[in-house]
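Participant: Structure file structure23.cif (mmCIF, C-alpha atoms) right here:
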data_work
#
loop_
_atom_site.group_PDB
_atom_site.id
_atom_site.type_symbol
_atom_site.label_atom_id
_atom_site.label_comp_id
_atom_site.auth_asym_id
_atom_site.auth_seq_id
_atom_site.Cartn_x
_atom_site.Cartn_y
_atom_site.Cartn_z
ATOM 1 C CA MET A 1 -0.695 9.025 -32.602
ATOM 2 C CA GLU A 2 -3.933 9.438 -34.398
ATOM 3 C CA ASN A 3 -3.758 13.231 -34.647
ATOM 4 C CA GLU A 4 -0.517 14.828 -35.869
ATOM 5 C CA ASP A 5 -1.454 18.105 -34.119
ATOM 6 C CA LYS A 6 -1.536 16.450 -30.720
ATOM 7 C CA ILE A 7 1.458 16.485 -28.491
ATOM 8 C CA ALA A 8 2.515 13.766 -26.090
ATOM 9 C CA ILE A 9 2.761 15.138 -22.585
ATOM 10 C CA ILE A 10 4.712 13.373 -19.893
ATOM 11 C CA ALA A 11 4.176 14.921 -16.484
ATOM 12 C CA CYS A 12 5.461 14.621 -12.977
ATOM 13 C CA SER A 13 2.695 13.600 -10.607
ATOM 14 C CA GLY A 14 4.753 14.042 -7.474
ATOM 15 C CA ALA A 15 3.521 14.372 -3.915
ATOM 16 C CA SER A 16 3.853 18.155 -3.550
ATOM 17 C CA ASN A 17 1.819 21.042 -4.884
ATOM 18 C CA THR A 18 4.190 21.307 -7.848
ATOM 19 C CA GLY A 19 3.498 17.702 -8.805
ATOM 20 C CA SER A 20 -0.226 18.371 -8.501
ATOM 21 C CA TYR A 21 0.153 21.308 -10.862
ATOM 22 C CA SER A 22 1.997 19.330 -13.519
ATOM 23 C CA ASP A 23 -0.445 16.418 -13.303
ATOM 24 C CA LEU A 24 -3.532 18.649 -13.467
ATOM 25 C CA VAL A 25 -2.127 20.638 -16.395
ATOM 26 C CA ALA A 26 -1.397 17.437 -18.334
ATOM 27 C CA ARG A 27 -4.870 16.078 -17.631
ATOM 28 C CA ARG A 28 -6.485 19.358 -18.686
ATOM 29 C CA LEU A 29 -4.578 19.279 -21.992
ATOM 30 C CA MET A 30 -5.572 15.650 -22.519
ATOM 31 C CA GLN A 31 -9.237 16.349 -21.771
ATOM 32 C CA SER A 32 -9.231 19.253 -24.228
ATOM 33 C CA GLY A 33 -7.971 16.958 -26.980
ATOM 34 C CA LYS A 34 -4.712 18.898 -27.424
ATOM 35 C CA ALA A 35 -2.463 16.248 -25.933
ATOM 36 C CA LYS A 36 -2.065 12.576 -25.251
ATOM 37 C CA MET A 37 -0.853 12.003 -21.704
ATOM 38 C CA LEU A 38 1.727 9.263 -21.265
ATOM 39 C CA CYS A 39 2.439 7.609 -17.898
ATOM 40 C CA LEU A 40 5.823 8.681 -16.529
ATOM 41 C CA ALA A 41 6.145 5.632 -14.264
ATOM 42 C CA ARG A 42 5.654 3.278 -17.206
ATOM 43 C CA PHE A 43 8.941 4.449 -18.725
ATOM 44 C CA SER A 44 10.723 3.029 -15.670
ATOM 45 C CA VAL A 45 9.170 -0.439 -15.887
ATOM 46 C CA ASP A 46 8.356 -1.037 -19.567
ATOM 47 C CA GLN A 47 11.345 -0.819 -21.891
ATOM 48 C CA LYS A 48 9.246 -1.756 -24.945
ATOM 49 C CA PHE A 49 6.954 1.198 -24.243
ATOM 50 C CA ALA A 50 9.956 3.521 -23.984
ATOM 51 C CA VAL A 51 11.375 2.257 -27.288
ATOM 52 C CA LYS A 52 8.002 2.546 -29.045
ATOM 53 C CA THR A 53 7.543 6.076 -27.720
ATOM 54 C CA ARG A 54 11.039 7.074 -28.847
ATOM 55 C CA GLU A 55 10.342 5.728 -32.352
ATOM 56 C CA GLU A 56 6.751 6.882 -32.870
ATOM 57 C CA ILE A 57 6.010 10.036 -30.898
ATOM 58 C CA LYS A 58 7.154 13.179 -32.671
ATOM 59 C CA LYS A 59 5.979 16.066 -30.479
ATOM 60 C CA VAL A 60 6.801 15.762 -26.796
ATOM 61 C CA VAL A 61 6.381 18.081 -23.827
ATOM 62 C CA VAL A 62 7.931 17.003 -20.540
ATOM 63 C CA LEU A 63 6.350 18.826 -17.607
ATOM 64 C CA ASP A 64 8.198 18.659 -14.308
ATOM 65 C CA GLY A 65 6.917 19.923 -10.999
ATOM 66 C CA CYS A 66 10.172 20.988 -9.401
ATOM 67 C CA PRO A 67 13.883 21.445 -10.129
ATOM 68 C CA ILE A 68 14.649 17.786 -9.341
ATOM 69 C CA ASN A 69 13.303 17.195 -12.885
ATOM 70 C CA CYS A 70 12.322 13.533 -12.458
ATOM 71 C CA ALA A 71 10.351 13.467 -15.720
ATOM 72 C CA GLU A 72 13.192 14.967 -17.735
ATOM 73 C CA LEU A 73 15.733 12.568 -16.233
ATOM 74 C CA THR A 74 13.482 9.574 -16.857
ATOM 75 C CA MET A 75 13.117 10.543 -20.518
ATOM 76 C CA ARG A 76 16.869 10.963 -20.952
ATOM 77 C CA GLN A 77 17.543 7.615 -19.242
ATOM 78 C CA ASN A 78 15.255 6.049 -21.862
ATOM 79 C CA GLY A 79 17.047 7.665 -24.805
ATOM 80 C CA ILE A 80 14.370 10.308 -25.392
ATOM 81 C CA GLU A 81 16.394 13.473 -25.788
ATOM 82 C CA GLN A 82 14.332 15.769 -27.996
ATOM 83 C CA PHE A 83 11.449 17.430 -26.198
ATOM 84 C CA VAL A 84 10.231 20.722 -24.842
ATOM 85 C CA HIS A 85 10.927 20.797 -21.109
ATOM 86 C CA ILE A 86 8.804 22.937 -18.801
ATOM 87 C CA ASN A 87 8.915 23.211 -15.046
ATOM 88 C CA THR A 88 5.962 24.486 -13.008
ATOM 89 C CA THR A 89 8.365 26.519 -10.876
ATOM 90 C CA ASP A 90 9.054 28.623 -13.980
ATOM 91 C CA PHE A 91 5.584 30.093 -13.398
ATOM 92 C CA GLY A 92 6.315 31.436 -9.923
ATOM 93 C CA ILE A 93 5.073 28.337 -8.129
ATOM 94 C CA VAL A 94 6.979 27.599 -4.928
ATOM 95 C CA LYS A 95 7.256 23.957 -3.934
ATOM 96 C CA GLY A 96 5.345 23.284 -0.738
ATOM 97 C CA LYS A 97 3.913 26.800 -0.568
ATOM 98 C CA THR A 98 1.892 27.968 -3.578
ATOM 99 C CA PRO A 99 -1.717 26.760 -3.349
ATOM 100 C CA VAL A 100 -3.070 24.991 -6.423
ATOM 101 C CA THR A 101 -5.414 27.377 -8.251
ATOM 102 C CA GLU A 102 -7.394 27.249 -11.472
ATOM 103 C CA GLU A 103 -5.801 30.527 -12.526
ATOM 104 C CA LYS A 104 -2.273 29.114 -12.383
ATOM 105 C CA ILE A 105 -3.327 25.814 -13.999
ATOM 106 C CA ASN A 106 -4.863 27.791 -16.870
ATOM 107 C CA GLU A 107 -1.720 29.926 -17.211
ATOM 108 C CA ILE A 108 0.438 26.834 -17.726
ATOM 109 C CA VAL A 109 -2.125 25.157 -20.009
ATOM 110 C CA ASN A 110 -2.258 28.294 -22.158
ATOM 111 C CA HIS A 111 1.522 28.480 -22.307
ATOM 112 C CA ILE A 112 1.852 24.883 -23.476
ATOM 113 C CA SER A 113 -1.020 25.328 -25.933
ATOM 114 C CA SER A 114 0.756 28.298 -27.487
ATOM 115 C CA ILE A 115 4.006 26.429 -28.174
ATOM 116 C CA LYS A 116 4.588 25.933 -31.880
ATOM 117 C CA MET A 117 6.197 22.537 -31.972
ATOM 118 C CA LEU A 118 8.233 21.115 -34.742
ATOM 119 C CA LYS A 119 8.684 17.403 -34.958
ATOM 120 C CA VAL A 120 11.347 17.166 -32.306
ATOM 121 C CA VAL A 121 11.918 13.406 -32.037
ATOM 122 C CA GLY A 122 13.256 10.981 -34.602
#
Turn the structure described in the file into structure tokens.

Facilitator:
Amino acid sequence: MENEDKIAIIACSGASNTGSYSDLVARRLMQSGKAKMLCLARFSVDQKFAVKTREEIKKVVVLDGCPINCAELTMRQNGIEQFVHINTTDFGIVKGKTPVTEEKINEIVNHISSIKMLKVVG
């Protein structure tokens, strides 16, 4: 990546409120310039992309929406084992119940922004 301070964020974009949270948080971090958002679905269909990511990306946050942990499992299935894993439900969000609010989005964004990441891949 062009900026060593940026993290790669791979987020669930699932159909529920929890997926909306993880997607919106990732997009907010990307728009702020703090992160580069990578497409979770691409890891399932593009093995070259998965290999390149595993070799080149050094700071990774995997943001799941719910305890099914689709993003985490997809990373592990592609040999990406070293990352910070966060789940939106860790912030008191209840799948199918908690309305999406700016306050909660900002809470998660601030949490991720505060993480001091070492180079965790490679």

Participant: If you count only C-alpha atoms, which residues fall within 12 Å of A:Ser114, apart from same-chain ones fewer than 3 positions away, as a PyMOL selection string?

Facilitator: chain A and resi 7+29+34+107-111+117

Participant: I need the residue nearest A:Val51 from this list: A:Ser32, A:Gln77, A:Thr18, A:Asn69. Use all atoms listed in the file for the distance.

Facilitator: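 Nearest to A:Val51: A:Gln77.
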
Participant: When you look at A:Gly92 with a cut-off of 12 Å (counting all atoms listed in the file), what residues show up, excluding the ones that are within fewer than 2 positions of it in the same chain? I need them as a ChimeraX atom specification.

Facilitator: /A:18,21,65-66,87-90,94-95,97-100,104-105,107-108

Participant: Do you have the atom CA of A:Thr101-atom CA of A:Met75 distance handy?

Facilitator: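 Computing the Euclidean distance for atom CA of A:Thr101 and atom CA of A:Met75 yields 27.9 Å.
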
Participant: Can you give me, as a list in words, the residues this file yields under the PyMOL selection byres ((chain A and resi 64) around 8)?

Facilitator: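 Output of the PyMOL selection byres ((chain A and resi 64) around 8): Ala11, Cys12, Gly19, Ser22, Val62, Leu63, Gly65, Cys66, Pro67, Asn69, Cys70, Ala71, Glu72, His85, Ile86, Asn87 and Thr88 of chain A.
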
Participant: Output the residue selection produced by the PyMOL selection byres ((chain A and resi 9) around 9) on the file above, formatted as a list in words.

Facilitator: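 When the PyMOL selection byres ((chain A and resi 9) around 9) is applied to the shown file, the picked residues are Ile7, Ala8, Ile10, Ala11, Ala26, Leu29, Met30, Ala35, Lys36, Met37, Leu38, Cys39, Lys59, Val60, Val61, Val62 and Leu63 of chain A.
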
Participant: What separation in Å, quoted to one decimal, exists between atom CA of A:Lys52 and atom CA of A:Phe83?

Facilitator: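 Interatomic distance here is 15.5 Å.
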
Participant: From the options A:Ile57, A:Thr74, A:Ile93, A:Glu102, which residue's atoms come nearest to A:Ala41, counting all atoms listed in the file?

Facilitator: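 Going through A:Ile57, A:Thr74, A:Ile93, A:Glu102 one by one, the smallest distance to A:Ala41 is for A:Thr74.
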